[in-house]
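S.K.: Please find upload.cif (mmCIF, C-alpha atoms) on the next line:
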data_input
loop_
_atom_site.label_atom_id
_atom_site.label_comp_id
_atom_site.auth_asym_id
_atom_site.auth_seq_id
_atom_site.Cartn_x
_atom_site.Cartn_y
_atom_site.Cartn_z
CA MET S 1 -0.79 -19.34 -13.27
CA ILE S 2 2.17 -20.25 -11.07
CA SER S 3 1.78 -20.49 -7.30
CA LEU S 4 4.60 -21.06 -4.82
CA VAL S 5 3.97 -21.03 -1.08
CA TRP S 6 6.41 -22.03 1.65
CA ASN S 7 6.55 -22.02 5.43
CA GLU S 8 10.23 -21.94 6.35
CA GLY S 9 11.26 -18.49 5.18
CA PHE S 10 11.32 -16.61 1.90
CA ASP S 11 14.10 -18.47 0.11
CA ALA S 12 15.77 -16.32 -2.58
CA MET S 13 16.61 -19.20 -4.89
CA ARG S 14 13.07 -20.50 -4.95
CA LEU S 15 11.86 -16.96 -5.58
CA ARG S 16 14.22 -16.72 -8.55
CA ASP S 17 13.38 -20.20 -9.82
CA GLY S 18 9.65 -19.53 -9.61
CA LEU S 19 9.97 -16.33 -11.61
CA PHE S 20 12.24 -17.96 -14.19
CA GLN S 21 9.80 -20.84 -14.65
CA ALA S 22 6.97 -18.40 -15.29
CA LEU S 23 9.03 -16.30 -17.71
CA GLY S 24 10.12 -19.42 -19.56
CA ALA S 25 6.49 -20.47 -19.98
CA LEU S 26 5.73 -17.11 -21.63
CA GLY S 27 8.12 -17.73 -24.52
CA ARG S 28 10.62 -15.24 -25.88
CA ARG S 29 9.92 -11.55 -25.24
CA ASN S 30 12.02 -8.83 -26.83
CA LYS S 31 11.00 -5.55 -25.18
CA VAL S 32 10.08 -5.78 -21.51
CA LEU S 33 8.74 -3.15 -19.12
CA VAL S 34 8.90 -3.84 -15.38
CA ILE S 35 6.60 -1.92 -13.04
CA PRO S 36 7.68 -2.53 -9.43
CA PRO S 37 6.61 -0.62 -6.32
CA ASP S 38 8.82 2.15 -4.96
CA PHE S 39 10.91 2.18 -1.79
CA THR S 40 7.80 2.33 0.41
CA ARG S 41 7.39 -1.37 -0.47
CA TYR S 42 11.03 -2.25 0.07
CA HIS S 43 10.13 -5.36 2.09
CA SER S 44 7.95 -6.70 -0.74
CA ARG S 45 10.95 -8.47 -2.34
CA ALA S 46 9.96 -6.67 -5.55
CA GLY S 47 13.46 -5.24 -5.81
CA GLU S 48 14.95 -8.73 -5.92
CA LEU S 49 12.35 -9.91 -8.44
CA THR S 50 13.14 -6.93 -10.67
CA GLN S 51 16.82 -7.86 -10.50
CA TYR S 52 15.98 -11.45 -11.41
CA ALA S 53 13.95 -10.18 -14.38
CA PHE S 54 16.97 -8.17 -15.50
CA GLU S 55 19.16 -11.25 -15.06
CA TYR S 56 16.75 -13.26 -17.23
CA TYR S 57 16.15 -10.73 -20.01
CA GLY S 58 19.35 -8.68 -20.03
CA GLU S 59 19.23 -5.95 -22.64
CA ARG S 60 15.68 -7.00 -23.60
CA LEU S 61 14.52 -5.42 -20.32
CA ALA S 62 14.02 -1.96 -21.77
CA CYS S 63 12.52 0.05 -18.91
CA VAL S 64 11.78 0.06 -15.18
CA LEU S 65 8.90 2.32 -14.15
CA PRO S 66 8.38 2.39 -10.36
CA ALA S 67 4.69 2.68 -9.50
CA LEU S 68 4.95 5.93 -7.56
CA GLY S 69 1.34 7.08 -7.57
CA THR S 70 1.62 10.42 -5.78
CA HIS S 71 4.83 9.47 -3.95
CA ALA S 72 8.04 11.40 -4.36
CA PRO S 73 10.52 10.03 -6.94
CA MET S 74 13.01 7.50 -5.63
CA THR S 75 16.44 8.79 -4.70
CA GLU S 76 19.63 7.33 -6.12
CA ASP S 77 20.37 5.68 -2.79
CA GLN S 78 16.91 4.11 -2.67
CA ILE S 79 17.25 2.77 -6.22
CA ALA S 80 20.66 1.29 -5.41
CA THR S 81 19.41 -0.28 -2.18
CA MET S 82 16.27 -1.77 -3.71
CA PHE S 83 17.34 -2.62 -7.26
CA GLY S 84 21.06 -3.29 -6.99
CA ASN S 85 23.11 -3.00 -10.18
CA ILE S 86 20.32 -2.53 -12.70
CA PRO S 87 21.53 0.32 -14.98
CA ARG S 88 20.14 3.66 -13.80
CA GLU S 89 19.32 4.72 -17.36
CA LEU S 90 16.57 2.10 -17.44
CA PHE S 91 14.62 3.85 -14.67
CA HIS S 92 11.83 6.27 -15.57
CA VAL S 93 9.93 8.50 -13.14
CA HIS S 94 6.15 8.39 -13.20
CA ASP S 95 4.59 11.86 -13.15
CA TRP S 96 1.01 11.41 -11.95
CA GLN S 97 -0.06 14.76 -13.46
CA ASN S 98 1.71 14.72 -16.83
CA GLY S 99 2.74 12.29 -19.57
CA LEU S 100 -0.57 10.41 -19.41
CA VAL S 101 -2.94 8.84 -21.91
CA THR S 102 -6.71 8.52 -21.43
CA LEU S 103 -8.03 5.03 -22.12
CA GLY S 104 -11.71 5.71 -21.47
CA GLU S 105 -13.93 6.20 -18.46
CA MET S 106 -15.98 4.25 -15.98
CA PRO S 107 -19.59 5.50 -16.14
CA ALA S 108 -21.12 7.58 -13.36
CA GLU S 109 -23.85 5.01 -12.80
CA PHE S 110 -21.26 2.38 -11.87
CA LEU S 111 -19.46 4.76 -9.49
CA ARG S 112 -22.76 5.71 -7.90
CA GLU S 113 -23.67 2.05 -7.42
CA GLN S 114 -20.32 1.12 -5.90
CA SER S 115 -20.21 4.18 -3.65
CA GLU S 116 -23.70 3.59 -2.26
CA SER S 117 -24.79 6.86 -3.95
CA GLU S 118 -21.99 8.89 -2.35
CA LEU S 119 -20.27 9.67 -5.68
CA ASN S 120 -22.09 10.80 -8.81
CA CYS S 121 -19.36 11.24 -11.39
CA SER S 122 -17.55 9.24 -14.05
CA TRP S 123 -13.99 7.97 -13.55
CA PRO S 124 -11.59 8.81 -16.39
CA VAL S 125 -9.01 6.05 -16.71
CA ARG S 126 -5.62 7.64 -17.36
CA ILE S 127 -2.23 5.95 -17.02
CA ASN S 128 1.37 6.64 -17.91
CA ARG S 129 1.74 6.99 -21.69
CA LEU S 130 4.83 4.79 -21.68
CA VAL S 131 2.81 1.77 -20.52
CA VAL S 132 0.45 2.04 -23.49
CA GLU S 133 2.64 3.44 -26.24
CA GLY S 134 6.06 2.01 -25.40
CA GLY S 135 5.73 -0.97 -27.76
CA PHE S 136 6.42 -3.55 -25.05
CA ASP S 137 5.63 -7.21 -25.66
CA LEU S 138 5.67 -7.93 -21.93
CA ILE S 139 4.74 -5.75 -18.95
CA LEU S 140 5.73 -7.33 -15.63
CA SER S 141 3.68 -5.74 -12.86
CA ILE S 142 5.46 -6.69 -9.64
CA GLY S 143 4.00 -6.02 -6.22
CA GLN S 144 3.04 -7.21 -2.77
CA VAL S 145 -0.43 -8.28 -1.68
CA VAL S 146 -1.04 -6.98 1.84
CA PRO S 147 -3.99 -5.33 3.61
CA HIS S 148 -4.46 -1.82 2.23
CA GLU S 149 -6.46 1.19 3.36
CA VAL S 150 -7.71 2.20 -0.11
CA ALA S 151 -8.10 -1.03 -2.09
CA GLY S 152 -8.68 -3.51 0.73
CA MET S 153 -5.69 -5.53 -0.44
CA ALA S 154 -2.73 -3.98 -2.27
CA GLY S 155 -1.25 -5.22 -5.53
CA HIS S 156 -2.39 -6.54 -8.92
CA ASN S 157 -4.11 -4.01 -11.24
CA LYS S 158 -3.85 -1.29 -8.57
CA ASN S 159 -0.14 -1.25 -9.42
CA ILE S 160 -1.01 -0.07 -12.94
CA LEU S 161 -4.20 1.96 -12.52
CA ILE S 162 -3.11 3.79 -9.36
CA GLY S 163 0.66 3.36 -9.27
CA THR S 164 1.08 4.63 -12.85
CA GLY S 165 -2.27 6.42 -12.91
CA GLY S 166 -3.35 10.01 -13.32
CA PRO S 167 -5.04 12.41 -10.91
CA GLU S 168 -8.59 11.19 -11.48
CA ASN S 169 -7.63 7.54 -10.98
CA ILE S 170 -5.90 8.34 -7.71
CA HIS S 171 -8.28 10.94 -6.30
CA LEU S 172 -11.56 9.12 -6.91
CA SER S 173 -10.35 5.67 -5.88
CA HIS S 174 -8.92 7.00 -2.63
CA TYR S 175 -12.01 9.04 -1.80
CA LEU S 176 -14.33 6.15 -2.66
CA GLY S 177 -12.43 3.91 -0.25
CA ALA S 178 -12.44 6.57 2.48
CA LEU S 179 -16.18 7.20 2.18
CA TYR S 180 -16.93 3.48 2.20
CA GLY S 181 -14.89 3.21 5.42
CA MET S 182 -11.56 1.65 6.27
CA GLU S 183 -13.08 -0.75 8.76
CA ARG S 184 -15.32 -2.11 6.00
CA ILE S 185 -12.59 -2.34 3.38
CA MET S 186 -9.21 -3.26 4.88
CA GLY S 187 -8.34 -6.93 4.43
CA ARG S 188 -11.18 -7.53 1.96
CA ALA S 189 -10.25 -8.53 -1.57
CA ASP S 190 -13.81 -7.84 -2.77
CA ASN S 191 -14.92 -4.26 -2.15
CA PRO S 192 -16.13 -1.22 -4.13
CA VAL S 193 -12.65 0.10 -4.98
CA ARG S 194 -11.52 -3.32 -6.20
CA ARG S 195 -14.66 -3.70 -8.28
CA VAL S 196 -13.95 -0.39 -9.99
CA LEU S 197 -10.32 -1.36 -10.60
CA ASN S 198 -11.25 -4.80 -11.89
CA ARG S 199 -13.89 -3.43 -14.26
CA ALA S 200 -11.49 -0.75 -15.53
CA ALA S 201 -8.76 -3.34 -16.09
CA ALA S 202 -11.16 -5.63 -17.97
CA CYS S 203 -12.35 -2.76 -20.18
CA PHE S 204 -9.10 -0.91 -20.85
CA LEU S 205 -6.03 -3.00 -19.99
CA SER S 206 -6.96 -6.36 -21.52
CA LYS S 207 -5.03 -5.74 -24.74
CA LEU S 208 -1.80 -4.91 -22.91
CA PRO S 209 0.63 -7.83 -22.32
CA ILE S 210 0.48 -7.55 -18.52
CA VAL S 211 1.62 -10.37 -16.25
CA HIS S 212 1.28 -9.88 -12.50
CA VAL S 213 4.04 -11.05 -10.16
CA LEU S 214 2.72 -10.94 -6.59
CA THR S 215 4.45 -11.64 -3.31
CA VAL S 216 3.01 -12.27 0.12
CA ILE S 217 5.41 -11.67 3.00
CA GLY S 218 4.88 -13.19 6.44
CA ASN S 219 7.28 -13.78 9.31
CA ASP S 220 7.71 -17.47 8.46
CA THR S 221 5.47 -17.99 5.44
CA GLY S 222 5.97 -16.53 1.98
CA GLY S 223 4.20 -16.74 -1.32
CA LEU S 224 4.79 -16.00 -5.00
CA PHE S 225 1.82 -15.86 -7.39
CA ILE S 226 2.23 -15.16 -11.10
CA GLY S 227 -0.49 -14.86 -13.72
CA ASP S 228 -2.35 -12.60 -16.13
CA GLY S 229 -5.80 -12.86 -14.54
CA LEU S 230 -7.48 -12.37 -11.17
CA ASP S 231 -6.75 -15.89 -9.92
CA CYS S 232 -3.24 -15.00 -8.79
CA PHE S 233 -4.56 -12.00 -6.84
CA GLU S 234 -7.32 -14.01 -5.19
CA LYS S 235 -4.91 -16.74 -4.09
CA ALA S 236 -2.39 -14.17 -2.85
CA SER S 237 -5.13 -12.36 -0.91
CA THR S 238 -6.15 -15.59 0.80
CA LEU S 239 -2.58 -16.23 1.92
CA SER S 240 -2.07 -12.60 2.96
CA LEU S 241 -5.17 -12.70 5.10
CA ARG S 242 -3.69 -15.74 6.80
CA VAL S 243 -0.16 -14.42 7.41
CA ASN S 244 -0.48 -10.61 7.54
CA PHE S 245 -3.57 -10.37 9.71
CA THR S 246 -3.38 -10.41 13.50
CA MET S 247 -6.72 -11.00 15.21
CA LEU S 248 -6.73 -10.01 18.87
CA GLU S 249 -9.07 -11.30 21.55
CA GLN S 250 -8.88 -8.05 23.49
CA PRO S 251 -8.47 -4.46 22.20
CA ILE S 252 -5.15 -2.73 22.71
CA ARG S 253 -5.03 -0.04 25.37
CA LYS S 254 -1.64 1.33 24.35
CA ALA S 255 0.22 0.68 21.09
CA VAL S 256 3.71 1.82 20.13
CA VAL S 257 4.53 1.74 16.41
CA HIS S 258 8.02 2.29 15.01
CA LEU S 259 8.57 3.85 11.57
CA ASP S 260 11.96 3.06 10.05
CA GLU S 261 13.57 6.38 9.17
CA SER S 262 14.85 5.10 5.82
CA GLU S 263 11.29 4.25 4.68
CA TYR S 264 9.00 6.79 6.34
CA ARG S 265 9.71 10.46 5.74
CA SER S 266 6.16 11.84 5.73
CA THR S 267 2.93 11.30 7.62
CA TRP S 268 1.42 10.53 4.18
CA LEU S 269 3.33 7.23 4.41
CA GLY S 270 3.79 7.01 8.16
CA ASN S 271 0.08 7.03 8.90
CA LYS S 272 0.09 3.32 8.14
CA SER S 273 0.74 3.30 11.88
CA ILE S 274 -2.80 4.63 12.34
CA TYR S 275 -4.95 2.86 9.80
CA ARG S 276 -3.29 -0.54 10.17
CA THR S 277 -3.95 -0.49 13.93
CA ARG S 278 -7.24 1.45 14.26
CA MET S 279 -9.36 -1.70 14.39
CA ALA S 280 -7.21 -3.04 17.24
CA LEU S 281 -7.19 -0.02 19.53
CA ALA S 282 -9.61 0.28 22.40
CA GLY S 283 -11.91 3.23 22.76
CA GLY S 284 -9.99 5.78 24.81
CA GLY S 285 -6.74 3.98 23.97
CA GLU S 286 -3.44 5.54 22.95
CA LEU S 287 -1.28 5.16 19.86
CA ILE S 288 2.33 6.36 20.06
CA VAL S 289 4.16 6.71 16.74
CA LEU S 290 7.96 6.72 16.83
CA ALA S 291 8.86 8.55 13.62
CA PRO S 292 12.56 9.50 13.52
CA GLY S 293 12.58 10.07 9.74
CA VAL S 294 9.28 11.95 9.34
CA ARG S 295 10.04 15.50 8.24
CA GLN S 296 6.91 16.53 6.33
CA PHE S 297 3.23 15.75 5.99
CA GLY S 298 2.61 15.30 2.25
CA GLU S 299 4.78 13.69 -0.40
CA ASN S 300 4.77 16.91 -2.40
CA ALA S 301 4.31 20.62 -1.68
CA LEU S 302 0.61 20.73 -2.62
CA LEU S 303 -0.39 17.74 -0.50
CA ASP S 304 1.74 19.00 2.36
CA SER S 305 0.01 22.37 2.30
CA LEU S 306 -3.47 20.80 2.24
CA ILE S 307 -2.68 18.59 5.23
CA ARG S 308 -1.29 21.55 7.15
CA ARG S 309 -4.36 23.62 6.34
CA PHE S 310 -7.15 21.13 7.07
CA GLY S 311 -5.55 18.63 9.46
CA TYR S 312 -6.56 15.09 10.37
CA CYS S 313 -10.02 16.13 11.50
CA GLY S 314 -12.24 13.08 10.84
CA THR S 315 -14.76 12.04 8.21
CA ARG S 316 -17.55 14.54 8.93
CA ALA S 317 -15.23 17.57 8.97
CA VAL S 318 -13.37 16.42 5.85
CA ARG S 319 -16.60 15.91 3.90
CA GLN S 320 -17.73 19.40 4.88
CA ALA S 321 -14.36 20.82 3.84
CA VAL S 322 -14.62 19.09 0.45
CA GLU S 323 -18.03 20.71 -0.10
CA ARG S 324 -16.82 24.17 0.92
CA HIS S 325 -13.27 24.35 -0.43
CA PRO S 326 -12.65 23.78 -4.17
CA GLU S 327 -8.93 23.22 -3.65
CA LEU S 328 -9.63 20.18 -1.46
CA ALA S 329 -12.40 18.96 -3.77
CA ALA S 330 -9.84 19.04 -6.59
CA ASN S 331 -7.49 16.83 -4.56
CA LEU S 332 -9.70 14.08 -3.20
CA SER S 333 -6.77 11.77 -2.46
CA ALA S 334 -5.66 14.37 0.08
CA ALA S 335 -9.17 14.44 1.53
CA ALA S 336 -9.12 10.65 1.77
CA HIS S 337 -5.74 10.77 3.48
CA LEU S 338 -7.09 13.19 6.08
CA ILE S 339 -9.83 10.68 6.88
CA HIS S 340 -7.38 7.78 6.98
CA GLY S 341 -5.14 9.64 9.42
CA SER S 342 -7.84 10.40 11.96
CA SER S 343 -8.93 8.26 14.88
CA GLU S 344 -12.40 9.81 14.52
CA GLY S 345 -11.99 10.82 18.17
CA ARG S 346 -12.00 7.20 19.34
CA PHE S 347 -8.38 7.05 20.58
CA THR S 348 -5.46 9.47 20.93
CA ILE S 349 -2.51 9.66 18.54
CA THR S 350 0.87 10.90 19.76
CA TYR S 351 3.39 11.58 16.98
CA CYS S 352 7.07 11.66 17.92
CA SER S 353 8.84 13.12 14.88
CA GLY S 354 12.54 13.57 14.44
CA HIS S 355 12.07 16.75 12.42
CA LEU S 356 8.58 18.28 12.75
CA ARG S 357 8.09 20.78 15.57
CA LYS S 358 5.57 20.46 18.39
CA GLU S 359 3.49 23.30 16.92
CA GLU S 360 3.34 21.62 13.51
CA ILE S 361 2.30 18.24 14.93
CA GLU S 362 -0.43 19.70 17.12
CA ALA S 363 -1.72 21.97 14.33
CA VAL S 364 -2.82 18.94 12.27
CA GLY S 365 -4.62 17.28 15.17
CA PHE S 366 -2.05 14.97 16.75
CA ARG S 367 -0.53 15.03 20.19
CA TYR S 368 3.21 15.59 20.46
CA ALA S 369 5.95 14.04 22.56
CA PRO S 370 9.75 14.48 22.19
CA LEU S 371 11.23 11.66 20.15
CA ASP S 372 14.39 11.20 22.23
CA ARG S 373 12.39 10.84 25.45
CA MET S 374 10.01 8.32 23.91
CA LEU S 375 12.82 6.31 22.28
CA GLU S 376 14.47 6.06 25.68
CA ARG S 377 11.24 4.81 27.19
CA TYR S 378 10.20 2.56 24.28
CA SER S 379 13.43 1.57 22.56
CA PRO S 380 12.67 -0.58 19.49
CA SER S 381 15.85 -2.56 20.16
CA ARG S 382 14.45 -3.74 23.49
CA LEU S 383 10.92 -4.54 22.32
CA ARG S 384 9.51 -7.48 20.42
CA ASP S 385 6.44 -7.42 18.19
CA GLY S 386 3.32 -7.92 20.28
CA TYR S 387 2.77 -7.35 23.98
CA ASN S 388 5.66 -6.12 26.12
CA ASP S 389 6.21 -5.05 29.70
CA ALA S 390 7.83 -1.62 29.48
CA GLU S 391 8.88 -0.80 33.04
CA GLY S 392 5.63 -2.10 34.46
CA GLU S 393 3.46 -0.73 31.64
CA GLU S 394 1.83 -3.10 29.16
CA ILE S 395 2.22 -1.96 25.57
CA PHE S 396 1.66 -3.58 22.18
CA PHE S 397 4.68 -2.97 19.92
CA ILE S 398 4.72 -3.02 16.11
CA SER S 399 8.09 -2.73 14.41
CA ASN S 400 6.75 -2.08 10.89
CA PRO S 401 3.07 -1.33 10.24
CA ALA S 402 3.45 -1.94 6.50
CA LEU S 403 3.72 -5.68 7.06
CA GLY S 404 0.32 -6.38 8.54
CA LEU S 405 -3.11 -5.48 9.81
CA TRP S 406 -4.19 -5.72 13.43
CA ALA S 407 -7.78 -5.88 14.65
CA HIS S 408 -9.85 -6.71 17.70
CA ARG S 409 -12.18 -9.57 16.84
CA ASP S 410 -15.32 -7.52 17.47
CA ARG S 411 -14.25 -4.86 14.96
CA PHE S 412 -13.72 -7.25 12.07
CA LEU S 413 -16.08 -9.66 10.36
CA GLN S 414 -15.08 -13.09 11.59
CA PRO S 415 -16.71 -14.94 8.63
CA LEU S 416 -14.00 -13.50 6.42
CA LEU S 417 -11.39 -15.57 8.22
CA ASP S 418 -13.70 -18.55 8.67
CA ASN S 419 -14.06 -18.82 4.90
CA ALA S 420 -10.36 -18.32 4.11
CA CYS S 421 -8.20 -21.18 2.96
CA ILE S 422 -5.83 -22.05 5.80
CA ILE S 423 -2.43 -23.03 4.43
CA THR S 424 -0.56 -25.39 6.72
CA SER S 425 2.08 -26.89 4.46
CA ASP S 426 4.12 -26.13 1.38
CA ILE S 427 2.31 -26.05 -1.93
CA PRO S 428 4.51 -27.39 -4.73
CA LEU S 429 5.37 -25.22 -7.69
CA THR S 430 2.66 -25.74 -10.32
CA THR S 431 1.54 -24.19 -13.57
#
Could you rewrite the structure in this file as structure tokens?
M.R.:
Amino acid sequence: MISLVWNEGFDAMRLRDGLFQALGALGRRNKVLVIPPDFTRYHSRAGELTQYAFEYYGERLACVLPALGTHAPMTEDQIATMFGNIPRELFHVHDWQNGLVTLGEMPAEFLREQSESELNCSWPVRINRLVVEGGFDLILSIGQVVPHEVAGMAGHNKNILIGTGGPENIHLSHYLGALYGMERIMGRADNPVRRVLNRAAACFLSKLPIVHVLTVIGNDTGGLFIGDGLDCFEKASTLSLRVNFTMLEQPIRKAVVHLDESEYRSTWLGNKSIYRTRMALAGGGELIVLAPGVRQFGENALLDSLIRRFGYCGTRAVRQAVERHPELAANLSAAAHLIHGSSEGRFTITYCSGHLRKEEIEAVGFRYAPLDRMLERYSPSRLRDGYNDAEGEEIFFISNPALGLWAHRDRFLQPLLDNACIITSDIPLTT
């Protein structure tokens, strides 16, 4: 494994050199597949790493398969912005419902154990056929480790099993995480969803030539972790917990979260503003979401229709809807999303969309406020991350919810941080 951690900014040359050192240690590879995240992880530096892989391998880099999961395919502009001059013909689109191969299944007993008896079904493991049958002698799985609402921490084998996975992979993992509870799972590298993913990877992915390339992105500290086992993920998770987690002494009464319009075009993605801050908000508090680019709820027509029909109504109502409505039971990732996007009645959520109407916003359970009025009052250009005085009103501002996790100390298990490795200086590049 290669680990590189630094404290004075994410230097591009050291990022490139670290990747090149790892690739050199692997020996010659002749047909390479790169699986990076999509544009929703633009700040992961995965686009740069994919370009460096193309620089290193040239024509031996045969395919780039963005790990879309259920997300919409990347646009030409997004590909150009994130991946530069890599030839467009190398890019393939993952279809989470077609073009899949079944590798096996996780037994129902294991799912029942991990779900605390909430789920009593097996978990078919299906991923993109190209990953298995493409004849690659190296699969570079590139991603960012950061607190995540489904898997506790993003990255590693989630990139393969969910990002290039089929419906069952996505639906059951998301619903398992939602039933277990976000406040029990976010920021934890060891949790039921991760145990399922790790067991599935050990059983069904071990013969594939997968090497994980993981970044951790903080304001001043960065990390690059490369390896073919769990060690790189565990080390990256420790650093991420240190640099992406903001522990607050007092709960936030009013939070304002900005969603960059080039990244967030749906509440499916934009609700990071909710689940990354829910542990920080006070009971009776208010969350204001500035969402100039949000124009829909789901990332596709089916998910959009389910969100519009059932709304962000909380865990109890969603579980009842799953029991009563087969169409929602057949799309458990949508059910999980509805849970993730609810405050469970604990605080209010005001969505300020640049495209969705007041009636649409309120119909799914959010409050509405005009975007232009709220941008005038809470202009992102005038605010800094953290507490601000906005014309005599104290607010907590977050410029990009994808980059962290915020929690009030009482709503998060302090021993998790007490046991973490605190990194205070550069760690030299080692193998």
S.K.: For each of S:Gly223, S:Gly298, S:Gly283, S:Pro292, take the minimum atom-to-atom distance to Lys235 of chain S, counting only C-alpha atoms, then give the residue where this is smallest.
M.R.: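 Residue with the minimum atom-to-atom distance to Lys235 of chain S: S:Gly223.
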S.K.: To one decimal place, how far is atom CA of Trp123 of chain S from atom CA of Asn191 of chain S in Å?
M.R.: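 Result for atom CA of Trp123 of chain S versus atom CA of Asn191 of chain S: 16.7 Å, one decimal.
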S.K.: Could you check which of S:Ala335, S:Val196, S:Ile252, S:Val211 is closest to Ser141 of chain S, using all atoms listed in the file?
M.R.: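 Of S:Ala335, S:Val196, S:Ile252, S:Val211, the one nearest Ser141 of chain S, counting all atoms listed in the file, is S:Val211.
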S.K.: For the provided coordinates, the residues matched by the PyMOL selection byres ((chain S and resi 359-361) around 12) should be stated as an NGL selection string.
M.R.: :S and (266-267 or 289 or 291 or 294-297 or 304-305 or 307-309 or 311-312 or 349-358 or 362-370)
S.K.: Might you spell out which residues the PyMOL selection byres ((chain S and resi 218) around 8) would select in the displayed file, as a PyMOL selection string?
M.R.: chain S and resi 216-217+219-222+240+243-244+403
S.K.: Kindly give the distance, in Å, that separates atom CA of Tyr57 of chain S and atom CA of Asn30 of chain S, rounded to a single decimal.
M.R.: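 The value is 8.2 Å.
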S.K.: Care to translate the PyMOL selection byres ((chain S and resi 207) around 12) into actual residues of this file, as a PyMOL selection string?
M.R.: chain S and resi 103+131-132+136-139+201-206+208-211+228
S.K.: Excluding same-chain residues fewer than 6 positions from segment 171-175 of chain S, what lies within 9 Å of it counting all atoms listed in the file, as a PyMOL selection string?
M.R.: chain S and resi 119+123+149-151+162+193+196-197+330-337
S.K.: Atom CA of Arg276 of chain S and atom CA of Glu376 of chain S, how far apart in Å?
M.R.: 24.5 Å
S.K.: Check the smallest atom-to-atom distance from each of S:Leu290, S:Arg88, S:Cys121, S:Gln78 to Arg373 of chain S using all atoms listed in the file, then report the winner.
M.R.: S:Leu290
S.K.: Given the point (15.9, -14.4, -10.5) in the coordinates of this file, which residues lie within 9 Å, counting all atoms listed in the file, and how would they look as a list in words?
M.R.: Ala12, Met13, Arg14, Leu15, Arg16, Asp17, Gly18, Leu19, Phe20, Glu48, Leu49, Thr50, Gln51, Tyr52, Ala53, Phe54, Glu55 and Tyr56 of chain S
S.K.: Counting only C-alpha atoms, which of S:Val32, S:Asp190, S:Asp389, S:Phe310 gets nearest to Arg324 of chain S?
M.R.: S:Phe310
S.K.: Have a look at S:Glu59, S:Ile395, S:Gly99, S:Pro107 and name the one nearest to Leu287 of chain S; count only C-alpha atoms.
M.R.: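 The shortest atom-to-atom distance to Leu287 of chain S comes from S:Ile395.
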S.K.: As a list of chain:residue names, please: the residues near Gly314 of chain S (cut-off 6 Å, all atoms listed in the file, same-chain neighbours under 3 positions excluded).
M.R.: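 My list of contacting residues is S:Ala317, S:Ile339, S:Ser342, S:Glu344.
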S.K.: For Met247 of chain S, which residue among S:Gly165, S:Gly392, S:Gly187, S:Gly177 is the nearest when counting only C-alpha atoms?
M.R.: S:Gly187
